[in-house]
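run.tsv follows (TSV, C-alpha atoms):
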chain	number	residue	atom	x	y	z
A	1	GLY	CA	-40.58	35.03	15.20
A	2	PRO	CA	-39.00	33.38	18.27
A	3	LEU	CA	-41.28	32.36	21.07
A	4	ALA	CA	-40.05	33.88	24.30
A	5	HIS	CA	-41.63	35.35	27.39
A	6	GLN	CA	-40.13	35.82	30.86
A	7	GLY	CA	-37.28	33.38	30.28
A	8	LEU	CA	-39.22	30.93	28.07
A	9	SER	CA	-37.57	30.07	24.76
A	10	LEU	CA	-38.51	27.57	22.10
A	11	GLN	CA	-35.21	26.42	20.67
A	12	GLN	CA	-36.43	23.93	18.11
A	13	ARG	CA	-39.28	24.57	15.71
A	14	PRO	CA	-41.79	21.74	15.17
A	15	PRO	CA	-42.02	20.03	11.78
A	16	THR	CA	-44.73	20.84	9.25
A	17	VAL	CA	-48.20	20.30	10.72
A	18	ALA	CA	-50.26	17.60	9.03
A	19	ARG	CA	-53.31	19.04	7.33
A	20	ARG	CA	-56.42	17.00	7.96
A	21	VAL	CA	-59.86	17.43	6.52
A	22	MET	CA	-61.58	18.13	9.82
A	23	ALA	CA	-58.50	19.59	11.41
A	24	VAL	CA	-60.24	22.76	10.35
A	25	LEU	CA	-62.81	22.39	11.73
A	26	LEU	CA	-61.56	19.71	14.14
A	27	ARG	CA	-57.98	20.63	15.01
A	28	GLY	CA	-57.39	23.51	12.66
A	29	ALA	CA	-53.85	24.36	11.67
A	30	ALA	CA	-50.99	23.99	14.11
A	31	ALA	CA	-51.48	26.34	17.03
A	32	VAL	CA	-48.96	27.71	19.45
A	33	ALA	CA	-50.27	29.57	22.48
A	34	LEU	CA	-48.17	31.15	25.18
A	35	VAL	CA	-49.76	32.27	28.42
A	36	GLY	CA	-47.19	33.36	30.95
A	37	GLN	CA	-44.69	30.52	30.80
A	38	ALA	CA	-47.07	28.01	29.22
A	39	ALA	CA	-46.96	26.33	25.82
A	40	ALA	CA	-49.70	24.38	24.09
A	41	MET	CA	-49.07	22.86	20.70
A	42	PHE	CA	-50.16	20.35	18.06
A	43	PHE	CA	-47.48	18.95	15.76
A	44	GLU	CA	-46.79	15.91	13.59
A	45	LEU	CA	-44.25	13.40	14.88
A	46	LYS	CA	-42.73	11.33	12.09
A	47	PRO	CA	-41.01	7.97	12.56
A	48	GLY	CA	-37.30	7.56	12.05
A	49	THR	CA	-36.45	11.14	13.07
A	50	GLU	CA	-34.55	12.54	15.99
A	51	GLU	CA	-36.29	13.70	19.14
A	52	GLU	CA	-38.46	16.79	18.88
A	53	CYS	CA	-37.49	18.90	21.89
A	54	PHE	CA	-38.98	22.10	23.30
A	55	LYS	CA	-36.80	24.01	25.72
A	56	TRP	CA	-37.44	26.45	28.54
A	57	VAL	CA	-35.22	28.51	30.85
A	58	PRO	CA	-37.49	28.98	33.87
A	59	GLU	CA	-36.86	31.01	36.97
A	60	ALA	CA	-35.61	29.31	40.12
A	61	GLY	CA	-38.40	27.80	42.22
A	62	MET	CA	-40.77	27.23	39.30
A	63	ARG	CA	-42.48	23.91	38.62
A	64	CYS	CA	-43.33	22.31	35.27
A	65	VAL	CA	-46.66	20.52	34.99
A	66	GLY	CA	-48.87	19.55	32.08
A	67	SER	CA	-50.04	16.71	29.89
A	68	TYR	CA	-49.51	15.21	26.45
A	69	GLU	CA	-51.28	12.89	24.02
A	70	ALA	CA	-50.48	11.00	20.83
A	71	ASP	CA	-53.13	10.42	18.17
A	72	GLY	CA	-52.84	8.38	14.98
A	73	PRO	CA	-53.56	5.00	13.35
A	74	ALA	CA	-51.29	3.63	16.07
A	75	GLU	CA	-49.65	5.32	19.04
A	76	GLY	CA	-46.15	4.80	20.29
A	77	ILE	CA	-43.95	7.53	21.74
A	78	GLU	CA	-41.16	8.07	24.22
A	79	VAL	CA	-41.46	11.24	26.28
A	80	ARG	CA	-38.60	12.65	28.34
A	81	ILE	CA	-37.81	15.70	30.39
A	82	VAL	CA	-34.14	16.56	30.24
A	83	GLY	CA	-32.60	18.94	32.75
A	84	PRO	CA	-29.26	20.68	33.19
A	85	GLU	CA	-26.18	18.85	31.90
A	86	ASN	CA	-28.50	16.77	29.69
A	87	ARG	CA	-29.63	14.77	32.71
A	88	GLU	CA	-32.83	12.75	32.22
A	89	LEU	CA	-35.31	13.74	34.94
A	90	TRP	CA	-38.37	11.80	33.79
A	91	LYS	CA	-39.30	9.34	31.06
A	92	SER	CA	-42.54	7.71	29.90
A	93	THR	CA	-43.60	5.42	27.06
A	94	VAL	CA	-47.34	5.83	27.66
A	95	SER	CA	-49.14	7.33	24.63
A	96	SER	CA	-51.01	9.88	26.74
A	97	GLY	CA	-50.81	11.12	30.29
A	98	HIS	CA	-49.60	13.80	32.65
A	99	ILE	CA	-46.12	15.24	32.69
A	100	HIS	CA	-44.33	14.43	35.93
A	101	PRO	CA	-43.89	17.66	37.94
A	102	ILE	CA	-40.34	18.97	37.69
A	103	ASP	CA	-38.94	21.75	39.88
A	104	SER	CA	-36.32	24.25	38.78
A	105	HIS	CA	-33.71	24.73	41.50
A	106	SER	CA	-31.31	27.19	39.89
A	107	GLN	CA	-31.65	30.35	37.82
A	108	GLY	CA	-30.66	29.97	34.17
A	109	ASP	CA	-30.97	26.18	33.92
A	110	THR	CA	-32.36	24.81	30.67
A	111	TYR	CA	-35.06	22.15	30.65
A	112	ALA	CA	-36.38	20.31	27.57
A	113	LEU	CA	-39.52	18.30	26.87
A	114	CYS	CA	-38.66	15.74	24.17
A	115	PHE	CA	-40.81	13.42	22.05
A	116	LYS	CA	-39.63	10.48	19.96
A	117	SER	CA	-41.67	8.04	17.87
A	118	THR	CA	-41.33	4.31	18.56
A	119	ILE	CA	-43.55	3.13	15.69
A	120	SER	CA	-43.54	3.38	11.88
A	121	GLU	CA	-46.68	5.53	11.59
A	122	ASN	CA	-47.05	9.32	11.67
A	123	GLN	CA	-48.68	10.65	14.82
A	124	MET	CA	-50.24	13.93	15.89
A	125	ILE	CA	-48.84	15.02	19.23
A	126	SER	CA	-50.59	17.53	21.46
A	127	PHE	CA	-49.15	18.79	24.70
A	128	ASP	CA	-49.79	21.48	27.27
A	129	ALA	CA	-46.85	22.35	29.50
A	130	ARG	CA	-46.64	25.17	32.02
A	131	TRP	CA	-43.92	26.57	34.22
A	132	GLY	CA	-44.86	28.61	37.25
A	133	HIS	CA	-44.68	28.97	40.98
A	134	GLU	CA	-46.97	26.58	42.82
A	135	HIS	CA	-49.39	29.30	43.92
A	136	GLU	CA	-49.71	30.44	40.27
A	137	LEU	CA	-50.61	27.02	38.86
A	138	ASP	CA	-54.14	25.64	38.80
A	139	LEU	CA	-53.21	22.22	40.18
A	140	VAL	CA	-55.32	19.27	41.25
A	141	GLU	CA	-54.38	16.04	42.97
A	142	GLY	CA	-55.31	12.86	41.11
A	143	THR	CA	-54.48	9.19	40.95
A	144	GLU	CA	-51.55	10.03	38.68
A	145	GLY	CA	-50.22	12.74	40.98
A	146	THR	CA	-50.31	16.51	40.74
A	147	HIS	CA	-51.32	17.92	37.38
A	148	LEU	CA	-52.97	20.90	35.73
A	149	LYS	CA	-56.69	21.27	36.07
A	150	GLN	CA	-57.03	22.35	32.45
A	151	PHE	CA	-55.00	20.83	29.62
A	152	VAL	CA	-55.36	19.80	26.00
A	153	THR	CA	-56.65	16.24	25.61
A	154	GLN	CA	-58.53	14.08	23.17
A	155	ASN	CA	-61.73	14.88	25.06
A	156	HIS	CA	-61.36	18.55	24.19
A	157	THR	CA	-60.76	17.80	20.51
A	158	ASP	CA	-63.67	15.31	20.48
A	159	GLN	CA	-65.97	17.97	21.91
A	160	MET	CA	-64.73	20.39	19.29
A	161	GLN	CA	-65.32	17.75	16.61
A	162	ASP	CA	-68.91	17.21	17.80
A	163	SER	CA	-69.57	20.95	17.75
A	164	VAL	CA	-68.08	21.28	14.28
A	165	MET	CA	-70.13	18.36	12.97
A	166	LYS	CA	-73.32	19.92	14.35
A	167	LEU	CA	-72.39	23.21	12.73
A	168	TYR	CA	-71.62	21.38	9.49
A	169	GLY	CA	-75.05	19.72	9.57
A	170	LYS	CA	-76.74	23.08	10.02
A	171	VAL	CA	-74.73	24.50	7.14
A	172	LEU	CA	-75.89	21.60	4.96
A	173	ASP	CA	-79.51	22.30	5.94
A	174	ILE	CA	-79.12	25.97	5.03
A	175	THR	CA	-77.46	25.00	1.74
A	176	GLU	CA	-80.33	22.65	0.86
A	177	GLN	CA	-82.92	25.32	1.69
A	178	GLN	CA	-81.02	27.85	-0.38
A	179	GLN	CA	-80.80	25.41	-3.30
A	180	PHE	CA	-84.54	24.75	-3.05
A	181	ALA	CA	-85.23	28.50	-3.06
A	182	ILE	CA	-82.97	28.95	-6.10
A	183	THR	CA	-84.71	26.09	-7.93
A	184	ARG	CA	-88.16	27.43	-7.10
A	185	GLU	CA	-87.15	30.92	-8.25
A	186	ALA	CA	-85.83	29.44	-11.52
A	187	VAL	CA	-89.15	27.62	-12.11
A	188	HIS	CA	-91.15	30.78	-11.40
A	189	ARG	CA	-88.90	32.80	-13.67
A	190	GLU	CA	-89.34	30.28	-16.49
A	191	THR	CA	-93.13	30.35	-16.03
A	192	ALA	CA	-93.13	34.16	-16.07
A	193	GLU	CA	-90.98	34.27	-19.21
A	194	SER	CA	-93.25	31.73	-20.92
A	195	THR	CA	-96.32	33.79	-19.99
A	196	ASN	CA	-94.70	36.98	-21.26
A	197	THR	CA	-93.89	35.26	-24.56
A	198	ARG	CA	-97.49	34.09	-24.97
A	199	VAL	CA	-98.81	37.58	-24.15
A	200	MET	CA	-96.46	39.09	-26.71
A	201	TRP	CA	-97.58	36.73	-29.49
A	202	TRP	CA	-101.23	37.19	-28.57
A	203	THR	CA	-100.76	40.97	-28.76
A	204	ILE	CA	-99.14	40.64	-32.20
A	205	VAL	CA	-101.98	38.41	-33.46
A	206	GLU	CA	-104.56	40.80	-32.02
A	207	ALA	CA	-102.86	43.78	-33.70
A	208	ILE	CA	-102.80	41.96	-37.06
A	209	PHE	CA	-106.47	41.08	-36.65
A	210	LEU	CA	-107.39	44.69	-35.87
A	211	VAL	CA	-105.41	45.99	-38.85
A	212	GLY	CA	-107.09	43.43	-41.09
A	213	LEU	CA	-110.52	44.34	-39.73
A	214	ALA	CA	-109.87	48.02	-40.39
A	215	VAL	CA	-108.78	47.26	-43.97
A	216	VAL	CA	-111.95	45.22	-44.55
A	217	GLN	CA	-114.14	48.00	-43.13
A	218	VAL	CA	-112.48	50.60	-45.34
A	219	TYR	CA	-112.93	48.36	-48.38
A	220	ILE	CA	-116.61	47.81	-47.63
A	221	LEU	CA	-117.26	51.54	-47.12
A	222	ARG	CA	-115.47	52.45	-50.35
A	223	SER	CA	-117.45	49.82	-52.24
A	224	TYR	CA	-120.70	51.19	-50.81
A	225	PHE	CA	-119.97	54.78	-51.88
A	226	GLU	CA	-118.81	53.68	-55.34
A	227	VAL	CA	-122.18	51.94	-55.92
A	228	LYS	CA	-124.12	55.00	-54.82
A	229	SER	CA	-122.18	57.19	-57.24
A	230	ILE	CA	-123.04	54.95	-60.21
A	231	ILE	CA	-126.75	55.01	-59.35

Take the structure in the file and give it back as structure tokens.
Amino acid sequence: GPLAHQGLSLQQRPPTVARRVMAVLLRGAAAVALVGQAAAMFFELKPGTEEECFKWVPEAGMRCVGSYEADGPAEGIEVRIVGPENRELWKSTVSSGHIHPIDSHSQGDTYALCFKSTISENQMISFDARWGHEHELDLVEGTEGTHLKQFVTQNHTDQMQDSVMKLYGKVLDITEQQQFAITREAVHRETAESTNTRVMWWTIVEAIFLVGLAVVQVYILRSYFEVKSII
């Protein structure tokens, strides 16, 4: 359904998210999270396409802050913030960084965060943008200016990747132990079946021997009494 909350609207849907092997574990599928007037997203930016723009209609007096990052075999993007009357308010060609703070001065104005590829390779774009009043935003001052204290970056995904790889290693250990237990159980079962087979044949041979012994005893007793009768 449409993404909207307190004046926030996403006018353009992102393209199909690239599925990666560890994106499951590493990035997962494309995620869209809205907290207040915040948006965090992963999407695939393809070369030779028009700008991918995400639009908001914030309240007057709100400020937009956040960060973005491109990830791929090569990185090359153009990032812009477009304000009312399609006026360009900020532009950057750096592959990752903070979004320049933008203030909304009038109620009902539309602002857009736009991404465009400048290379011939597909890229995964992640961004975290938030609109809010200054006292509502968790801001810090840095060398690059004012920005959010928490935002989606490569460091977060790398930490997630490390955690997933550790979990994957533990899963492999459990799988190996389970396979060893299954193999050992199969060997024990084969030994038990072989023993049962030997016991069965030994019982059959023993029964045949006992029947034969009984027949011989009966024959000997009959022969003995027949001799006595003749005498």

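Closest to Arg63 of chain A among A:Met41, A:Leu167, A:Ala112, A:Leu137 is A:Leu137, based on all atoms listed in the file.
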
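You can rank A:Ile102, A:Ala129, A:Leu113, A:Val216 by their closest distance to Gly66 of chain A using all atoms listed in the file, and at the top of that list sits A:Ala129.
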
- Query: So how far away is atom CA of Thr110 of chain A from atom CA of Gly83 of chain A, in Å?
  - Reply: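 Result for atom CA of Gly83 of chain A versus atom CA of Thr110 of chain A: 6.2 Å, one decimal.
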
- Please, what distance in Å, to one decimal, runs between atom CA of Glu121 of chain A and atom CA of Trp90 of chain A?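 Those two atoms sit 24.5 Å apart.
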
- For Glu134 of chain A, the nearest of the candidates A:Ala74, A:Ile81, A:Met62, A:Ile204, counting all atoms listed in the file: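 With all atoms listed in the file as the atom set, the closest residue is A:Met62.
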
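Around the point (-34.9, 25.6, 38.2), within 7 Å and counting all atoms listed in the file, we find these residues: Pro58, Glu59, Ala60, Gly61, Met62, Asp103, Ser104, His105, Ser106, Gln107 and Asp109 of chain A.
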
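Here the question is which of A:Thr93, A:Gln179, A:Asn122, A:Gln161 gets nearest to Lys46 of chain A using all atoms listed in the file, and that residue is A:Asn122.
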
- Item | Pick from A:Val65, A:Val211, A:Trp201, A:Tyr219, whichever lies nearest to His133 of chain A using all atoms listed in the file |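 Ranking A:Val65, A:Val211, A:Trp201, A:Tyr219 by distance to His133 of chain A, first place goes to A:Val65.
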
- Note on the structure: Nearest to Asp71 of chain A, restricted to only C-alpha atoms and choosing among A:Asp162, A:Glu44, A:Glu51, A:Glu136, comes out as A:Glu44

- Query: What is the atom CA of Ser126 of chain A-atom CA of Thr49 of chain A distance in Å, reported with one decimal?
  - Reply: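 A separation of 17.6 Å between them.
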
Could you rebuild segment 195-216 of chain A with N, CA, C and O atoms and give me the result as a PDB file, in the coordinates of the input?
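Contents of part.pdb, as written:
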ATOM      1  N   THR A 195     -95.090  32.997 -19.946  1.00  0.00           N
ATOM      2  CA  THR A 195     -96.320  33.790 -19.990  1.00  0.00           C
ATOM      3  C   THR A 195     -96.121  35.082 -20.763  1.00  0.00           C
ATOM      4  O   THR A 195     -96.980  35.482 -21.579  1.00  0.00           O
ATOM      5  N   ASN A 196     -94.988  35.740 -20.532  1.00  0.00           N
ATOM      6  CA  ASN A 196     -94.700  36.980 -21.260  1.00  0.00           C
ATOM      7  C   ASN A 196     -94.599  36.727 -22.761  1.00  0.00           C
ATOM      8  O   ASN A 196     -95.068  37.542 -23.577  1.00  0.00           O
ATOM      9  N   THR A 197     -94.003  35.592 -23.127  1.00  0.00           N
ATOM     10  CA  THR A 197     -93.890  35.260 -24.560  1.00  0.00           C
ATOM     11  C   THR A 197     -95.265  35.044 -25.170  1.00  0.00           C
ATOM     12  O   THR A 197     -95.563  35.527 -26.278  1.00  0.00           O
ATOM     13  N   ARG A 198     -96.133  34.324 -24.465  1.00  0.00           N
ATOM     14  CA  ARG A 198     -97.490  34.090 -24.970  1.00  0.00           C
ATOM     15  C   ARG A 198     -98.275  35.393 -25.094  1.00  0.00           C
ATOM     16  O   ARG A 198     -98.999  35.604 -26.081  1.00  0.00           O
ATOM     17  N   VAL A 199     -98.120  36.284 -24.095  1.00  0.00           N
ATOM     18  CA  VAL A 199     -98.810  37.580 -24.150  1.00  0.00           C
ATOM     19  C   VAL A 199     -98.318  38.389 -25.344  1.00  0.00           C
ATOM     20  O   VAL A 199     -99.111  39.054 -26.040  1.00  0.00           O
ATOM     21  N   MET A 200     -97.022  38.339 -25.600  1.00  0.00           N
ATOM     22  CA  MET A 200     -96.460  39.090 -26.710  1.00  0.00           C
ATOM     23  C   MET A 200     -97.039  38.599 -28.043  1.00  0.00           C
ATOM     24  O   MET A 200     -97.491  39.390 -28.887  1.00  0.00           O
ATOM     25  N   TRP A 201     -97.053  37.275 -28.231  1.00  0.00           N
ATOM     26  CA  TRP A 201     -97.580  36.730 -29.490  1.00  0.00           C
ATOM     27  C   TRP A 201     -99.087  36.999 -29.620  1.00  0.00           C
ATOM     28  O   TRP A 201     -99.597  37.264 -30.714  1.00  0.00           O
ATOM     29  N   TRP A 202     -99.804  36.902 -28.517  1.00  0.00           N
ATOM     30  CA  TRP A 202    -101.230  37.190 -28.570  1.00  0.00           C
ATOM     31  C   TRP A 202    -101.469  38.662 -28.941  1.00  0.00           C
ATOM     32  O   TRP A 202    -102.375  38.972 -29.716  1.00  0.00           O
ATOM     33  N   THR A 203    -100.647  39.557 -28.421  1.00  0.00           N
ATOM     34  CA  THR A 203    -100.760  40.970 -28.760  1.00  0.00           C
ATOM     35  C   THR A 203    -100.489  41.197 -30.249  1.00  0.00           C
ATOM     36  O   THR A 203    -101.184  41.986 -30.915  1.00  0.00           O
ATOM     37  N   ILE A 204     -99.453  40.509 -30.778  1.00  0.00           N
ATOM     38  CA  ILE A 204     -99.140  40.640 -32.200  1.00  0.00           C
ATOM     39  C   ILE A 204    -100.300  40.140 -33.061  1.00  0.00           C
ATOM     40  O   ILE A 204    -100.725  40.785 -34.031  1.00  0.00           O
ATOM     41  N   VAL A 205    -100.845  38.956 -32.698  1.00  0.00           N
ATOM     42  CA  VAL A 205    -101.980  38.410 -33.460  1.00  0.00           C
ATOM     43  C   VAL A 205    -103.176  39.345 -33.383  1.00  0.00           C
ATOM     44  O   VAL A 205    -103.878  39.596 -34.379  1.00  0.00           O
ATOM     45  N   GLU A 206    -103.438  39.890 -32.208  1.00  0.00           N
ATOM     46  CA  GLU A 206    -104.560  40.800 -32.020  1.00  0.00           C
ATOM     47  C   GLU A 206    -104.370  42.073 -32.858  1.00  0.00           C
ATOM     48  O   GLU A 206    -105.330  42.571 -33.484  1.00  0.00           O
ATOM     49  N   ALA A 207    -103.136  42.575 -32.897  1.00  0.00           N
ATOM     50  CA  ALA A 207    -102.860  43.780 -33.700  1.00  0.00           C
ATOM     51  C   ALA A 207    -103.080  43.498 -35.188  1.00  0.00           C
ATOM     52  O   ALA A 207    -103.664  44.319 -35.914  1.00  0.00           O
ATOM     53  N   ILE A 208    -102.601  42.345 -35.655  1.00  0.00           N
ATOM     54  CA  ILE A 208    -102.800  41.960 -37.060  1.00  0.00           C
ATOM     55  C   ILE A 208    -104.284  41.847 -37.384  1.00  0.00           C
ATOM     56  O   ILE A 208    -104.774  42.294 -38.438  1.00  0.00           O
ATOM     57  N   PHE A 209    -105.026  41.234 -36.440  1.00  0.00           N
ATOM     58  CA  PHE A 209    -106.470  41.080 -36.650  1.00  0.00           C
ATOM     59  C   PHE A 209    -107.162  42.437 -36.736  1.00  0.00           C
ATOM     60  O   PHE A 209    -108.020  42.662 -37.596  1.00  0.00           O
ATOM     61  N   LEU A 210    -106.782  43.366 -35.852  1.00  0.00           N
ATOM     62  CA  LEU A 210    -107.390  44.690 -35.870  1.00  0.00           C
ATOM     63  C   LEU A 210    -107.056  45.447 -37.150  1.00  0.00           C
ATOM     64  O   LEU A 210    -107.915  46.127 -37.739  1.00  0.00           O
ATOM     65  N   VAL A 211    -105.803  45.342 -37.592  1.00  0.00           N
ATOM     66  CA  VAL A 211    -105.410  45.990 -38.850  1.00  0.00           C
ATOM     67  C   VAL A 211    -106.201  45.402 -40.012  1.00  0.00           C
ATOM     68  O   VAL A 211    -106.720  46.112 -40.892  1.00  0.00           O
ATOM     69  N   GLY A 212    -106.321  44.083 -40.026  1.00  0.00           N
ATOM     70  CA  GLY A 212    -107.090  43.430 -41.090  1.00  0.00           C
ATOM     71  C   GLY A 212    -108.547  43.840 -41.066  1.00  0.00           C
ATOM     72  O   GLY A 212    -109.168  44.074 -42.120  1.00  0.00           O
ATOM     73  N   LEU A 213    -109.124  43.920 -39.864  1.00  0.00           N
ATOM     74  CA  LEU A 213    -110.520  44.340 -39.730  1.00  0.00           C
ATOM     75  C   LEU A 213    -110.713  45.766 -40.227  1.00  0.00           C
ATOM     76  O   LEU A 213    -111.706  46.077 -40.910  1.00  0.00           O
ATOM     77  N   ALA A 214    -109.767  46.641 -39.917  1.00  0.00           N
ATOM     78  CA  ALA A 214    -109.870  48.020 -40.390  1.00  0.00           C
ATOM     79  C   ALA A 214    -109.795  48.082 -41.912  1.00  0.00           C
ATOM     80  O   ALA A 214    -110.541  48.840 -42.562  1.00  0.00           O
ATOM     81  N   VAL A 215    -108.899  47.300 -42.499  1.00  0.00           N
ATOM     82  CA  VAL A 215    -108.780  47.260 -43.970  1.00  0.00           C
ATOM     83  C   VAL A 215    -110.082  46.782 -44.590  1.00  0.00           C
ATOM     84  O   VAL A 215    -110.575  47.345 -45.593  1.00  0.00           O
ATOM     85  N   VAL A 216    -110.683  45.749 -44.019  1.00  0.00           N
ATOM     86  CA  VAL A 216    -111.950  45.220 -44.550  1.00  0.00           C
ATOM     87  C   VAL A 216    -113.060  46.263 -44.443  1.00  0.00           C
ATOM     88  O   VAL A 216    -113.869  46.452 -45.373  1.00  0.00           O
TER      89      VAL A 216
END
